[in-house]
file my_file_35.txt (compact mmCIF, C-alpha atoms)
# COMPACT_ATOMS: atom_id res chain seq x y z
CA MET A 63 113.07 79.86 84.68
CA SER A 64 110.95 80.31 87.75
CA ARG A 65 109.07 77.50 89.36
CA ARG A 66 105.35 77.74 88.80
CA ILE A 67 102.42 76.94 91.01
CA GLU A 68 98.75 76.51 90.25
CA VAL A 69 96.08 78.08 92.43
CA GLU A 70 92.53 76.72 92.33
CA VAL A 71 89.60 78.44 93.99
CA ALA A 72 86.05 77.15 93.49
CA GLY A 73 86.94 75.69 90.11
CA ALA A 74 88.85 78.75 88.88
CA ARG A 75 92.50 78.04 88.14
CA ALA A 76 95.45 80.33 87.51
CA THR A 77 99.21 79.92 87.27
CA PHE A 78 101.67 81.92 89.32
CA ALA A 79 105.44 82.22 89.02
CA LEU A 80 107.28 81.93 92.32
CA LEU A 81 109.35 85.03 93.10
CA GLU A 82 112.50 83.10 93.80
CA ASP A 83 114.81 86.06 93.24
CA TRP A 84 112.91 88.18 95.76
CA ALA A 85 112.24 85.51 98.37
CA PRO A 86 114.46 82.48 97.78
CA LYS A 87 114.11 80.88 101.22
CA THR A 88 110.38 81.42 101.54
CA THR A 89 109.54 80.17 98.06
CA ALA A 90 111.77 77.11 98.55
CA VAL A 91 109.93 76.16 101.75
CA LEU A 92 106.56 76.79 100.14
CA TRP A 93 107.48 74.66 97.13
CA ASP A 94 108.58 71.84 99.40
CA ALA A 95 105.30 71.98 101.34
CA LEU A 96 103.05 71.73 98.26
CA PRO A 97 100.37 70.75 97.65
CA LEU A 98 98.19 72.70 100.04
CA GLN A 99 94.94 70.89 99.46
CA ASP A 100 91.44 72.29 100.06
CA LYS A 101 92.45 74.91 102.59
CA VAL A 102 89.73 77.21 103.91
CA LEU A 103 89.89 80.51 102.05
CA ARG A 104 88.30 83.56 103.68
CA HIS A 105 88.07 87.17 102.69
CA GLY A 106 90.33 89.45 104.70
CA LYS A 107 88.83 91.81 107.28
CA LEU A 108 91.49 94.50 107.28
CA SER A 109 93.55 94.33 104.11
CA GLY A 110 91.11 95.32 101.38
CA ASP A 111 90.61 93.31 98.21
CA ALA A 112 92.34 90.12 99.31
CA ALA A 113 91.48 86.62 100.45
CA PHE A 114 93.65 84.45 102.64
CA LEU A 115 94.30 80.96 103.92
CA VAL A 116 96.35 79.63 106.81
CA ALA A 117 98.32 76.42 106.31
CA GLU A 118 100.10 74.41 108.98
CA ASP A 119 102.89 71.99 108.25
CA PRO A 120 106.10 71.10 110.11
CA LYS A 121 107.96 72.16 106.96
CA PHE A 122 106.94 75.75 107.63
CA LYS A 123 109.21 75.72 110.69
CA GLN A 124 111.97 76.15 108.09
CA LEU A 125 110.59 79.52 107.00
CA PRO A 126 112.88 82.49 107.62
CA ASP A 127 112.29 84.27 110.89
CA ARG A 128 112.00 87.61 109.14
CA ASN A 129 110.51 88.79 105.87
CA GLU A 130 112.48 88.56 102.68
CA LEU A 131 111.93 91.79 100.74
CA GLY A 132 109.19 92.96 103.11
CA VAL A 133 106.27 94.84 101.58
CA THR A 134 102.91 96.13 102.80
CA SER A 135 101.18 96.70 99.46
CA ILE A 136 99.66 93.64 97.83
CA TYR A 137 99.33 94.34 94.14
CA LYS A 138 96.55 92.74 92.15
CA GLY A 139 97.64 89.28 91.11
CA TYR A 140 100.30 88.87 93.75
CA MET A 141 100.51 86.29 96.53
CA VAL A 142 102.19 87.31 99.76
CA ALA A 143 103.09 85.34 102.87
CA ASN A 144 102.94 86.16 106.55
CA LEU A 145 105.55 83.88 108.07
CA HIS A 146 105.11 81.95 111.31
CA PRO A 147 108.07 79.58 111.56
CA GLU A 148 107.68 79.41 115.33
CA GLY A 149 104.28 77.77 114.92
CA GLY A 150 104.98 75.93 111.69
CA SER A 151 102.41 77.86 109.71
CA VAL A 152 102.05 80.39 106.96
CA GLU A 153 99.28 82.79 105.98
CA LEU A 154 98.97 83.28 102.23
CA LEU A 155 97.00 86.18 100.75
CA ILE A 156 96.12 86.89 97.14
CA SER A 157 94.93 90.31 96.02
CA TYR A 158 92.23 90.75 93.40
CA GLY A 159 92.25 94.55 93.54
CA LEU A 160 93.43 97.21 95.94
CA ALA A 161 95.01 95.68 99.04
CA GLU A 162 97.49 96.41 101.77
CA TYR A 163 98.46 94.05 104.56
CA ARG A 164 97.06 95.45 107.79
CA TRP A 165 96.29 94.35 111.30
CA PRO A 166 94.17 96.16 113.90
CA ASP A 167 97.27 98.08 114.99
CA GLY A 168 98.23 99.17 111.50
CA ARG A 169 100.29 98.06 108.56
CA ARG A 170 102.42 94.93 108.74
CA TYR A 171 105.12 93.67 106.42
CA VAL A 172 104.78 90.45 104.45
CA THR A 173 106.91 88.58 101.94
CA PRO A 174 105.87 88.52 98.27
CA VAL A 175 106.06 84.92 97.03
CA ALA A 176 104.30 84.63 93.67
CA GLU A 177 103.05 86.64 90.71
CA LEU A 178 100.14 85.79 88.44
CA GLU A 179 100.89 84.72 84.90
CA GLY A 180 98.27 85.14 82.19
CA ASP A 181 94.57 85.72 82.62
CA GLY A 182 93.41 85.94 86.22
CA THR A 183 89.84 87.03 85.53
CA ALA A 184 88.14 83.87 86.77
CA LEU A 185 90.37 83.59 89.81
CA PHE A 186 89.84 87.23 90.75
CA ALA A 187 86.08 86.74 90.53
CA ALA A 188 86.29 83.66 92.75
CA LEU A 189 88.39 85.54 95.29
CA GLN A 190 85.96 88.46 95.30
CA ARG A 191 83.01 86.13 95.83
CA THR A 192 84.39 85.16 99.22
CA TRP A 193 83.47 88.69 100.32
CA SER A 194 79.78 88.35 99.50
CA GLU A 195 79.27 84.61 99.62
CA GLY A 196 81.62 83.54 102.39
CA ALA A 197 84.46 81.08 102.74
CA THR A 198 85.42 78.52 100.14
CA LYS A 199 88.33 76.14 99.51
CA MET A 200 91.66 76.84 97.85
CA THR A 201 94.31 74.46 96.61
CA VAL A 202 97.89 75.38 95.78
CA ARG A 203 99.89 72.81 93.84
CA ARG A 204 102.99 72.61 91.72
CA ALA A 205 102.24 73.50 88.11
CA GLY A 206 103.33 71.43 85.18
CA MET B 252 57.22 109.22 121.11
CA THR B 253 59.26 111.25 123.53
CA ALA B 254 62.33 113.14 122.46
CA MET B 255 64.61 110.84 124.48
CA GLY B 256 65.04 107.10 124.75
CA LYS B 257 64.26 106.06 121.21
CA LYS B 258 65.12 102.45 120.58
CA ILE B 259 65.62 100.48 117.40
CA GLU B 260 65.35 96.77 116.73
CA LEU B 261 67.80 94.94 114.53
CA SER B 262 67.09 91.53 112.99
CA LEU B 263 69.72 89.39 111.31
CA ASP B 264 69.69 85.71 110.46
CA GLY B 265 66.81 85.00 112.85
CA VAL B 266 68.38 86.88 115.75
CA THR B 267 67.08 90.15 117.16
CA ALA B 268 68.77 92.83 119.23
CA VAL B 269 67.73 96.22 120.56
CA ALA B 270 69.83 99.36 120.47
CA THR B 271 69.39 102.76 122.05
CA LEU B 272 69.82 105.80 119.85
CA HIS B 273 72.21 108.38 121.32
CA GLU B 274 69.92 111.36 120.94
CA SER B 275 71.94 113.59 123.26
CA GLU B 276 75.37 112.85 121.83
CA ALA B 277 74.36 112.56 118.18
CA PRO B 278 70.99 114.29 117.84
CA LYS B 279 71.01 115.00 114.12
CA THR B 280 72.21 111.53 113.21
CA ALA B 281 69.80 109.80 115.58
CA GLN B 282 66.91 111.73 114.04
CA LYS B 283 68.11 111.01 110.51
CA VAL B 284 68.28 107.29 111.25
CA TRP B 285 64.90 107.33 113.00
CA ASP B 286 63.27 109.08 110.06
CA ALA B 287 64.79 106.58 107.62
CA LEU B 288 63.37 103.50 109.37
CA PRO B 289 62.59 100.82 108.51
CA ILE B 290 65.82 100.01 106.74
CA GLU B 291 66.32 96.67 105.02
CA GLU B 292 69.72 96.19 103.45
CA THR B 293 72.35 93.55 102.76
CA LEU B 294 74.91 93.21 105.55
CA ARG B 295 78.41 92.40 104.33
CA HIS B 296 81.64 92.01 106.21
CA VAL B 297 83.98 94.98 106.09
CA ARG B 298 87.16 94.62 104.04
CA TRP B 299 89.30 97.29 105.68
CA SER B 300 87.90 97.97 109.13
CA GLY B 301 88.35 94.74 111.06
CA SER B 302 85.70 92.89 113.05
CA ALA B 303 82.49 94.49 111.81
CA GLY B 304 79.64 94.08 109.38
CA TYR B 305 78.13 96.94 107.44
CA ILE B 306 75.24 98.05 105.30
CA LEU B 307 75.04 100.82 102.74
CA ALA B 308 71.78 102.73 103.20
CA HIS B 309 71.03 105.18 100.42
CA SER B 310 68.64 107.05 102.69
CA LEU B 311 71.51 107.79 105.10
CA ARG B 312 74.02 108.89 102.48
CA ASP B 313 74.84 112.59 102.57
CA PRO B 314 78.45 113.71 102.03
CA GLU B 315 77.60 117.07 103.63
CA PHE B 316 76.05 115.63 106.79
CA PRO B 317 78.03 116.54 109.92
CA LEU B 318 79.80 114.01 112.09
CA GLU B 319 78.63 113.85 115.71
CA ASN B 320 79.90 111.89 118.69
CA ARG B 321 82.93 111.36 116.52
CA THR B 322 84.78 108.08 116.72
CA SER B 323 87.40 106.22 114.75
CA PHE B 324 87.66 103.00 116.74
CA TYR B 325 84.43 101.04 116.92
CA VAL B 326 83.65 99.59 120.33
CA PRO B 327 82.00 96.15 120.02
CA GLY B 328 78.22 96.42 120.07
CA THR B 329 78.09 99.93 118.67
CA LEU B 330 76.47 101.30 115.52
CA ASN B 331 78.49 103.85 113.60
CA LEU B 332 77.55 105.92 110.56
CA ARG B 333 79.85 107.24 107.88
CA PRO B 334 77.44 109.66 106.22
CA GLU B 335 79.56 110.19 103.12
CA HIS B 336 78.81 106.59 102.16
CA GLY B 337 75.57 105.99 104.07
CA GLU B 338 77.53 103.20 105.73
CA VAL B 339 76.37 101.79 109.05
CA ALA B 340 78.98 99.55 110.67
CA ILE B 341 78.20 97.17 113.53
CA SER B 342 81.31 95.96 115.31
CA TYR B 343 81.67 92.64 117.09
CA GLY B 344 85.35 92.97 117.96
CA PRO B 345 88.33 95.25 117.29
CA ALA B 346 87.37 97.58 114.45
CA GLN B 347 88.05 101.03 113.12
CA ALA B 348 86.68 103.35 110.45
CA ARG B 349 89.18 102.71 107.67
CA ASP B 350 89.47 102.77 103.92
CA PRO B 351 92.30 102.27 101.44
CA ARG B 352 93.77 105.67 102.33
CA GLY B 353 93.99 104.96 106.03
CA ASN B 354 91.96 105.80 109.11
CA ALA B 355 88.69 107.70 109.00
CA TRP B 356 85.90 109.03 111.26
CA ALA B 357 82.33 108.04 111.93
CA THR B 358 79.40 109.00 114.12
CA HIS B 359 78.67 106.61 116.97
CA PHE B 360 74.90 106.94 117.05
CA ALA B 361 73.60 103.86 118.85
CA THR B 362 74.66 101.04 121.17
CA LEU B 363 73.19 97.56 121.55
CA GLU B 364 71.44 96.91 124.86
CA GLY B 365 71.78 93.97 127.21
CA ASP B 366 73.12 90.62 126.11
CA ALA B 367 73.62 91.04 122.39
CA LYS B 368 76.06 88.15 122.08
CA ALA B 369 73.89 86.07 119.75
CA PHE B 370 73.32 89.02 117.44
CA LEU B 371 77.01 89.91 117.32
CA GLN B 372 77.85 86.28 116.59
CA ALA B 373 75.48 86.48 113.63
CA VAL B 374 77.33 89.58 112.42
CA ALA B 375 80.65 87.78 112.80
CA ARG B 376 79.37 84.77 110.83
CA VAL B 377 79.01 86.97 107.75
CA GLN B 378 82.73 86.67 107.12
CA HIS B 379 82.53 82.88 106.84
CA GLU B 380 78.97 82.41 105.59
CA GLY B 381 78.56 85.46 103.38
CA ARG B 382 76.11 88.33 103.20
CA LYS B 383 72.86 88.36 105.14
CA GLN B 384 69.80 90.57 105.18
CA LEU B 385 69.58 93.09 108.02
CA VAL B 386 66.36 94.80 109.03
CA ILE B 387 66.34 97.83 111.32
CA ARG B 388 63.00 99.12 112.53
CA ARG B 389 61.63 101.35 115.25
CA LYS B 390 61.26 99.48 118.52
CA GLY B 391 57.64 99.56 119.52
CA GLY B 392 56.86 101.72 116.53
call {"tool": "encode", "arguments": {"input": "my_file_35.txt", "output": "structure tokens"}}
result
Amino acid sequence: MSRRIEVEVAGARATFALLEDWAPKTTAVLWDALPLQDKVLRHGKLSGDAAFLVAEDPKFKQLPDRNELGVTSIYKGYMVANLHPEGGSVELLISYGLAEYRWPDGRRYVTPVAELEGDGTALFAALQRTWSEGATKMTVRRAG
Amino acid sequence: MTAMGKKIELSLDGVTAVATLHESEAPKTAQKVWDALPIEETLRHVRWSGSAGYILAHSLRDPEFPLENRTSFYVPGTLNLRPEHGEVAISYGPAQARDPRGNAWATHFATLEGDAKAFLQAVARVQHEGRKQLVIRRKGG
């Protein structure tokens, strides 16, 4: 049974299952660092239909120094992590549509950390609104 | 109005900037833009292209319209048209014509004049503050 986390954006809540089989070290560190409370959530500039936050915590120094199961595509309803153990931070992105992790110099790999469970309609709408309406706040907490 | 030296004025969030149309390098596009003015559209932040804001102007949309002064990377302070979408992108930092499939091309048809820092900061703020209304009109027209 996977650990579950709850994501809340502008009042919209959804549950995600941590991808512990795919990224055991990363998900363990993320779980230990929760909750991430009221982090600034912005729409991405390069990666398509995705919004992101950056969280800093000394616990993130324990993140692996390379991606676990690196991917570039960010499927709708997935959360991925760009790992920065050297700085004790992590960038988390959630896709609400068509997305691929990119920087100005091209594609970059990230680690998939969580998958949506159930209905994500309200969350997807809240994520998309950051494109037109600007930044908002996001909280990630342990579910249940 | 003379054939050369046409200028346009851009207003966003209370800030104004002036740009010169590149009539020599992109004559057809410069004329098309000039004829379409004034343009008043919603500026949003790009989702694929980096540090730029963009509008979609129906009057500039023409999938058959040729590219001129072709560019892929947007230099900060430049105005770039993708005619297939009627998309005008204004870059304030590293940016490139991109879409889900990869890199694309655009026509660099105008460049902001002088100190446009305040205007470009207003474009950049769209990412954090959300969409804003952009007005482009003929300068002195």
call {"tool": "residues_around", "arguments": {"input": "my_file_35.txt", "residues": "Gly391 of chain B", "least_positions_apart": "4", "cutoff": "12 Å", "atoms": "all atoms listed in the file", "output": "CSV table (one decimal) with C-alpha atoms, in the coordinates of the input"}}
result
chain,number,residue,atom,x,y,z
B,252,MET,CA,57.2,109.2,121.1
B,256,GLY,CA,65.0,107.1,124.8
B,257,LYS,CA,64.3,106.1,121.2
B,258,LYS,CA,65.1,102.4,120.6
B,259,ILE,CA,65.6,100.5,117.4
B,260,GLU,CA,65.4,96.8,116.7
B,269,VAL,CA,67.7,96.2,120.6
call {"tool": "residues_around", "arguments": {"input": "my_file_35.txt", "residues": "Thr329 of chain B", "least_positions_apart": "4", "cutoff": "8 Å", "atoms": "only C-alpha atoms", "output": "MDAnalysis selection string"}}
result
chainID B and resid 325 341:342 359:363
call {"tool": "closest_atom_pairs", "arguments": {"input": "my_file_35.txt", "of": "chain A", "to": "chain B", "cutoff": "10 Å", "atoms": "all atoms listed in the file", "output": "CSV"}}
result
residue,atom,partner,partner_atom,distance
A:Val102,CA,B:His379,CA,9.6
A:Leu103,CA,B:His379,CA,9.1
A:Arg104,CA,B:His379,CA,6.6
A:His105,CA,B:Gln378,CA,7.0
A:Gly106,CA,B:Arg298,CA,6.1
A:Lys107,CA,B:Arg298,CA,4.6
A:Leu108,CA,B:Trp299,CA,3.9
A:Ser109,CA,B:Trp299,CA,5.4
A:Gly110,CA,B:Arg298,CA,4.8
A:Asp111,CA,B:Arg298,CA,6.9
A:Ala112,CA,B:Arg298,CA,8.3
A:Ala113,CA,B:Arg298,CA,9.8
A:Leu160,CA,B:Pro351,CA,7.6
A:Ala161,CA,B:Pro351,CA,7.5
A:Glu162,CA,B:Pro351,CA,7.8
A:Tyr163,CA,B:Trp299,CA,9.8
A:Arg164,CA,B:Trp299,CA,8.2
A:Trp165,CA,B:Gly301,CA,8.0
A:Pro166,CA,B:Gly301,CA,6.6
A:Asp167,CA,B:Pro345,CA,9.7
A:Gly168,CA,B:Gly353,CA,9.0
A:Arg169,CA,B:Gly353,CA,9.7
A:Arg191,CA,B:Gly381,CA,8.8
A:Thr192,CA,B:Gly381,CA,7.2
A:Trp193,CA,B:Gly381,CA,6.6
A:Ser194,CA,B:Gly381,CA,5.0
A:Glu195,CA,B:Gly381,CA,3.9
A:Gly196,CA,B:Gly381,CA,3.7
A:Ala197,CA,B:His379,CA,4.9
A:Thr198,CA,B:His379,CA,8.5
call {"tool": "residues_around", "arguments": {"input": "my_file_35.txt", "residues": "Leu332 of chain B", "least_positions_apart": "6", "cutoff": "12 Å", "atoms": "all atoms listed in the file", "output": "JSON, numbers by chain"}}
result
{"B": [277, 279, 280, 281, 283, 284, 305, 306, 307, 308, 310, 311, 312, 313, 314, 316, 317, 318, 319, 320, 321, 322, 323, 325, 338, 339, 340, 341, 342, 347, 348, 355, 356, 357, 358, 359, 360, 361]}
call {"tool": "residues_near_point", "arguments": {"input": "my_file_35.txt", "point": "(90.9, 81.1, 97.6)", "cutoff": "6 Å", "atoms": "only C-alpha atoms", "output": "PyMOL selection string"}}
result
chain A and resi 71+103+189+199-200
call {"tool": "closest_residue", "arguments": {"input": "my_file_35.txt", "among": "A:Lys87, A:Arg75, A:Arg65, A:His146", "to": "Leu131 of chain A", "atoms": "all atoms listed in the file"}}
result
A:Lys87
call {"tool": "atom_distance", "arguments": {"input": "my_file_35.txt", "atom1": "atom CA of Lys121 of chain A", "atom2": "atom CA of Tyr158 of chain A"}}
result
27.9 Å
call {"tool": "atom_distance", "arguments": {"input": "my_file_35.txt", "atom1": "atom CA of Ala72 of chain A", "atom2": "atom CA of Phe186 of chain A"}}
result
11.1 Å
call {"tool": "closest_residue", "arguments": {"input": "my_file_35.txt", "among": "A:Glu177, A:Ala90, A:Leu96, A:Ser151", "to": "Glu118 of chain A", "atoms": "all atoms listed in the file"}}
result
A:Ser151
call {"tool": "atom_distance", "arguments": {"input": "my_file_35.txt", "atom1": "atom CA of Leu155 of chain A", "atom2": "atom CA of Ala375 of chain B"}}
result
20.4 Å
call {"tool": "closest_residue", "arguments": {"input": "my_file_35.txt", "among": "A:Ala188, A:Leu81, A:Val152, A:Ile136", "to": "Ala95 of chain A", "atoms": "only C-alpha atoms"}}
result
A:Val152
call {"tool": "closest_residue", "arguments": {"input": "my_file_35.txt", "among": "B:Glu292, B:Asp286, B:Asp264, B:Glu276", "to": "Ile387 of chain B", "atoms": "all atoms listed in the file"}}
result
B:Glu292
call {"tool": "closest_residue", "arguments": {"input": "my_file_35.txt", "among": "A:Asp100, A:Glu179, A:Glu148, A:Glu153", "to": "Thr77 of chain A", "atoms": "all atoms listed in the file"}}
result
A:Glu179
call {"tool": "residues_around", "arguments": {"input": "my_file_35.txt", "residues": "Leu145 of chain A", "least_positions_apart": "2", "cutoff": "10 Å", "atoms": "all atoms listed in the file", "output": "list of chain:residue names"}}
result
A:Thr88, A:Phe122, A:Lys123, A:Leu125, A:Pro126, A:Asp127, A:Arg128, A:Asn129, A:Glu130, A:Val142, A:Ala143, A:Pro147, A:Glu148, A:Gly149, A:Gly150, A:Ser151, A:Val152, A:Glu153, A:Leu154, A:Tyr171, A:Val172, A:Thr173
call {"tool": "write_last_selection", "arguments": {"input": "my_file_35.txt", "atoms": "C-alpha atoms", "output": "PDB file, in the frame of the given file"}}
result
ATOM      1  CA  THR A  88     110.380  81.420 101.540  1.00  0.00           C
ATOM      2  CA  PHE A 122     106.940  75.750 107.630  1.00  0.00           C
ATOM      3  CA  LYS A 123     109.210  75.720 110.690  1.00  0.00           C
ATOM      4  CA  LEU A 125     110.590  79.520 107.000  1.00  0.00           C
ATOM      5  CA  PRO A 126     112.880  82.490 107.620  1.00  0.00           C
ATOM      6  CA  ASP A 127     112.290  84.270 110.890  1.00  0.00           C
ATOM      7  CA  ARG A 128     112.000  87.610 109.140  1.00  0.00           C
ATOM      8  CA  ASN A 129     110.510  88.790 105.870  1.00  0.00           C
ATOM      9  CA  GLU A 130     112.480  88.560 102.680  1.00  0.00           C
ATOM     10  CA  VAL A 142     102.190  87.310  99.760  1.00  0.00           C
ATOM     11  CA  ALA A 143     103.090  85.340 102.870  1.00  0.00           C
ATOM     12  CA  PRO A 147     108.070  79.580 111.560  1.00  0.00           C
ATOM     13  CA  GLU A 148     107.680  79.410 115.330  1.00  0.00           C
ATOM     14  CA  GLY A 149     104.280  77.770 114.920  1.00  0.00           C
ATOM     15  CA  GLY A 150     104.980  75.930 111.690  1.00  0.00           C
ATOM     16  CA  SER A 151     102.410  77.860 109.710  1.00  0.00           C
ATOM     17  CA  VAL A 152     102.050  80.390 106.960  1.00  0.00           C
ATOM     18  CA  GLU A 153      99.280  82.790 105.980  1.00  0.00           C
ATOM     19  CA  LEU A 154      98.970  83.280 102.230  1.00  0.00           C
ATOM     20  CA  TYR A 171     105.120  93.670 106.420  1.00  0.00           C
ATOM     21  CA  VAL A 172     104.780  90.450 104.450  1.00  0.00           C
ATOM     22  CA  THR A 173     106.910  88.580 101.940  1.00  0.00           C
TER      23      THR A 173
END
call {"tool": "closest_residue", "arguments": {"input": "my_file_35.txt", "among": "A:Val91, A:Gly159, A:Asn144, A:Glu68", "to": "Thr183 of chain A", "atoms": "all atoms listed in the file"}}
result
A:Gly159
